[in-house]
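**Q** As input, take my_file.txt (compact mmCIF, C-alpha atoms and all ligand atoms):
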```txt
# COMPACT_ATOMS: atom_id res chain seq x y z
CA MET D 739 0.00 0.00 0.00
CA GLY D 740 1.24 3.45 -0.85
CA LYS D 741 -0.04 6.97 -1.31
CA ILE D 742 -0.37 8.90 -4.52
CA HIS D 743 -0.88 12.63 -4.79
CA VAL D 744 -3.21 13.58 -7.59
CA THR D 745 -4.14 16.96 -9.04
CA ASP D 746 -7.43 16.41 -10.81
CA ARG D 747 -8.62 18.08 -14.00
CA ASP D 748 -10.37 20.79 -11.98
CA GLY D 749 -7.24 21.59 -9.96
CA GLY D 750 -8.39 19.68 -6.87
CA GLU D 751 -5.74 17.92 -4.79
CA HIS D 752 -6.18 14.36 -3.54
CA GLU D 753 -4.12 11.92 -1.50
CA LEU D 754 -5.21 8.40 -2.41
CA ASP D 755 -4.24 4.96 -1.11
CA VAL D 756 -3.24 2.35 -3.68
CA SER D 757 -2.34 -1.27 -2.96
CA ASN D 758 0.90 -2.56 -4.42
CA GLY D 759 0.33 -4.16 -7.80
CA LEU D 760 -2.74 -2.08 -8.66
CA SER D 761 -2.54 0.52 -11.41
CA LEU D 762 -2.71 4.21 -10.56
CA MET D 763 -5.63 4.48 -12.97
CA GLU D 764 -8.16 2.82 -10.68
CA PRO D 765 -8.23 5.29 -7.76
CA ILE D 766 -7.95 8.24 -10.16
CA ARG D 767 -10.89 6.94 -12.19
CA ASP D 768 -12.92 6.58 -8.99
CA LEU D 769 -12.65 10.26 -8.03
CA ASP D 770 -16.05 11.97 -7.88
CA SER D 771 -14.99 14.43 -10.56
CA GLY D 772 -11.92 15.54 -12.46
CA GLY D 773 -10.41 12.06 -12.70
CA VAL D 774 -9.56 9.94 -15.73
CA GLU D 775 -12.25 8.30 -17.89
CA ALA D 776 -10.24 5.10 -18.51
CA LEU D 777 -12.73 4.04 -21.18
CA CYS D 778 -10.95 0.81 -22.08
CA GLY D 779 -10.75 -0.30 -18.47
CA GLY D 780 -6.97 -0.51 -18.40
CA MET D 781 -6.36 -2.44 -21.62
CA CYS D 782 -3.88 0.14 -22.97
CA SER D 783 -6.06 1.00 -25.94
CA CYS D 784 -7.81 4.33 -25.28
CA ALA D 785 -5.35 6.86 -23.76
CA THR D 786 -8.15 8.39 -21.65
CA CYS D 787 -6.14 7.63 -18.51
CA HIS D 788 -3.34 10.03 -19.50
CA VAL D 789 -1.53 11.70 -16.61
CA PHE D 790 1.52 13.90 -16.22
CA VAL D 791 4.02 12.51 -13.73
CA GLU D 792 6.23 14.93 -11.83
CA PRO D 793 9.80 14.64 -13.16
CA GLU D 794 11.45 13.25 -10.03
CA TRP D 795 8.95 10.38 -10.11
CA PHE D 796 8.83 9.99 -13.87
CA LYS D 797 12.42 8.77 -13.99
CA LYS D 798 11.63 6.00 -11.49
CA LEU D 799 9.04 4.48 -13.78
CA GLY D 800 11.30 3.20 -16.52
CA ALA D 801 10.44 3.49 -20.20
CA PRO D 802 6.88 2.83 -21.39
CA GLU D 803 6.18 -0.17 -23.62
CA ASP D 804 5.86 0.55 -27.34
CA ASP D 805 2.05 0.29 -27.39
CA GLU D 806 1.73 2.76 -24.50
CA LEU D 807 4.13 5.21 -26.14
CA GLU D 808 2.28 5.00 -29.43
CA LEU D 809 -1.00 5.92 -27.76
CA LEU D 810 0.59 8.75 -25.80
CA GLU D 811 2.20 10.21 -28.90
CA GLY D 812 -1.24 10.37 -30.47
CA THR D 813 -2.58 12.66 -27.75
CA GLU D 814 -2.64 16.41 -28.27
CA CYS D 815 -0.88 17.25 -25.02
CA PHE D 816 1.81 14.54 -25.10
CA ASP D 817 4.87 15.56 -23.11
CA GLU D 818 7.71 13.08 -23.45
CA ALA D 819 9.18 14.21 -20.13
CA ARG D 820 6.00 13.64 -18.09
CA SER D 821 3.29 11.69 -19.97
CA ARG D 822 2.22 8.20 -18.95
CA LEU D 823 -0.93 6.14 -19.13
CA SER D 824 -1.98 5.66 -15.52
CA CYS D 825 -3.29 2.15 -16.29
CA GLN D 826 0.25 1.10 -17.15
CA VAL D 827 1.86 2.35 -13.93
CA PHE D 828 1.59 -0.15 -11.10
CA MET D 829 2.03 0.69 -7.45
CA ARG D 830 5.12 -0.54 -5.70
CA ASP D 831 7.02 0.59 -2.61
CA GLU D 832 9.36 2.90 -4.55
CA LEU D 833 6.39 4.88 -5.86
CA ASP D 834 4.93 5.72 -2.44
CA GLY D 835 4.25 9.48 -2.59
CA ILE D 836 4.24 9.79 -6.39
CA GLN D 837 2.68 12.99 -7.75
CA VAL D 838 0.60 13.07 -10.90
CA THR D 839 -1.70 15.52 -12.66
CA VAL D 840 -4.63 14.41 -14.79
CA ALA D 841 -4.05 15.49 -18.40
CA PRO D 842 -6.61 17.77 -20.10
CA GLU D 843 -9.58 16.13 -21.79
CA GLU D 844 -8.97 15.53 -25.51
S1 LIG D 901 -7.51 3.00 -19.44
FE1 LIG D 901 -7.46 2.92 -21.60
S2 LIG D 901 -5.36 3.18 -22.04
FE2 LIG D 901 -5.45 3.29 -19.89
```
Do you think you could lay out the structure here as structure tokens?
Ligand code: FES
**A**
Amino acid sequence: MGKIHVTDRDGGEHELDVSNGLSLMEPIRDLDSGGVEALCGGMCSCATCHVFVEPEWFKKLGAPEDDELELLEGTECFDEARSRLSCQVFMRDELDGIQVTVAPEE
């Protein structure tokens, strides 16, 4: 279990608990408002779970898989230094405290 710090699409700040092994997408999708849509349910095929990861945390994530990168590059606000699909980032001890911001709606 770890904590993630999320700035939602409306600028609201949230501290959410995530169990190790679960994707960051799930708690961000479950926010009352301003979260991610995650239309494909985490299958890495929709890019509606796009988040920006703060740089000091981004480098801990390792490189995205090709299919994730392809989807991200197709988004209007892709930022190679911060963009990830939250359904492809899985909680582990090293990510306790990670800070992300929900990307603008496309
Ligand atoms: S939920 Fe669809 S790509 Fe992440």
**Q** Show me, as an MDAnalysis selection string, the residues that have an atom within 12 Å of Ile742 (chain D) when counting all atoms listed in the file, minus same-chain residues fewer than 3 positions from it.
**A** chainID D and resid 739 745 751:758 760:766 791:792 795 824 827:839
**Q** So which one's closest to ligand LIG 901 (chain D), D:Glu775, D:Glu814, D:Glu794, D:Glu844? Using all atoms listed in the file, please.
**A**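 That would be D:Glu775, the residue with the smallest distance to ligand LIG 901 (chain D).
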**Q** Within 12 Å of ligand LIG 901 (chain D), which residues show up when you count only C-alpha atoms and all ligand atoms? List them as a ChimeraX atom specification, please.
**A** /D:761-767,773-789,805-810,812-813,822-828
**Q** Go ahead and write the residues just picked, C-alpha atoms, as an mmCIF file, in the coordinates of the input.
**A**
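The resulting file, again-v1.cif, is reproduced below:
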```cif
data_model
loop_
_atom_site.group_PDB
_atom_site.id
_atom_site.type_symbol
_atom_site.label_atom_id
_atom_site.label_comp_id
_atom_site.auth_asym_id
_atom_site.auth_seq_id
_atom_site.Cartn_x
_atom_site.Cartn_y
_atom_site.Cartn_z
ATOM 1 C CA SER D 761 -2.540 0.520 -11.410
ATOM 2 C CA LEU D 762 -2.710 4.210 -10.560
ATOM 3 C CA MET D 763 -5.630 4.480 -12.970
ATOM 4 C CA GLU D 764 -8.160 2.820 -10.680
ATOM 5 C CA PRO D 765 -8.230 5.290 -7.760
ATOM 6 C CA ILE D 766 -7.950 8.240 -10.160
ATOM 7 C CA ARG D 767 -10.890 6.940 -12.190
ATOM 8 C CA GLY D 773 -10.410 12.060 -12.700
ATOM 9 C CA VAL D 774 -9.560 9.940 -15.730
ATOM 10 C CA GLU D 775 -12.250 8.300 -17.890
ATOM 11 C CA ALA D 776 -10.240 5.100 -18.510
ATOM 12 C CA LEU D 777 -12.730 4.040 -21.180
ATOM 13 C CA CYS D 778 -10.950 0.810 -22.080
ATOM 14 C CA GLY D 779 -10.750 -0.300 -18.470
ATOM 15 C CA GLY D 780 -6.970 -0.510 -18.400
ATOM 16 C CA MET D 781 -6.360 -2.440 -21.620
ATOM 17 C CA CYS D 782 -3.880 0.140 -22.970
ATOM 18 C CA SER D 783 -6.060 1.000 -25.940
ATOM 19 C CA CYS D 784 -7.810 4.330 -25.280
ATOM 20 C CA ALA D 785 -5.350 6.860 -23.760
ATOM 21 C CA THR D 786 -8.150 8.390 -21.650
ATOM 22 C CA CYS D 787 -6.140 7.630 -18.510
ATOM 23 C CA HIS D 788 -3.340 10.030 -19.500
ATOM 24 C CA VAL D 789 -1.530 11.700 -16.610
ATOM 25 C CA ASP D 805 2.050 0.290 -27.390
ATOM 26 C CA GLU D 806 1.730 2.760 -24.500
ATOM 27 C CA LEU D 807 4.130 5.210 -26.140
ATOM 28 C CA GLU D 808 2.280 5.000 -29.430
ATOM 29 C CA LEU D 809 -1.000 5.920 -27.760
ATOM 30 C CA LEU D 810 0.590 8.750 -25.800
ATOM 31 C CA GLY D 812 -1.240 10.370 -30.470
ATOM 32 C CA THR D 813 -2.580 12.660 -27.750
ATOM 33 C CA ARG D 822 2.220 8.200 -18.950
ATOM 34 C CA LEU D 823 -0.930 6.140 -19.130
ATOM 35 C CA SER D 824 -1.980 5.660 -15.520
ATOM 36 C CA CYS D 825 -3.290 2.150 -16.290
ATOM 37 C CA GLN D 826 0.250 1.100 -17.150
ATOM 38 C CA VAL D 827 1.860 2.350 -13.930
ATOM 39 C CA PHE D 828 1.590 -0.150 -11.100
#
```
**Q** Which residue gives the smallest distance to Lys797 (chain D) among D:Ala841, D:Ala819, D:Leu769, D:Val744, with all atoms listed in the file counted?
**A**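 Between D:Ala841, D:Ala819, D:Leu769, D:Val744, the residue approaching Lys797 (chain D) most closely is D:Ala819.
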**Q** Looking at only C-alpha atoms, which of D:Lys741, D:Phe796, D:Glu803, D:Asp770 is the one that sits closest to Glu818 (chain D)?
**A**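 So, comparing all the options, the nearest one is D:Phe796.
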**Q** Can you work out the spacing between CA of Glu843 (chain D) and CA of Gly750 (chain D) in Å, to one decimal?
**A** 15.4 Å
**Q** Which is closest to Asp748 (chain D) among D:Cys815, D:Gly772, D:Ser821, D:Ala801, if we use all atoms listed in the file?
**A** D:Gly772
**Q** Give me, please, the distance in Å between CA of Val840 (chain D) and CA of Gly759 (chain D), quoted to one decimal.
**A**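 Between CA of Val840 (chain D) and CA of Gly759 (chain D) the gap is 20.5 Å.
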**Q** Tell me which of D:Gly749, D:Ser771, D:Arg820, D:Gly740 sits closest to Lys798 (chain D), counting all atoms listed in the file.
**A** D:Arg820
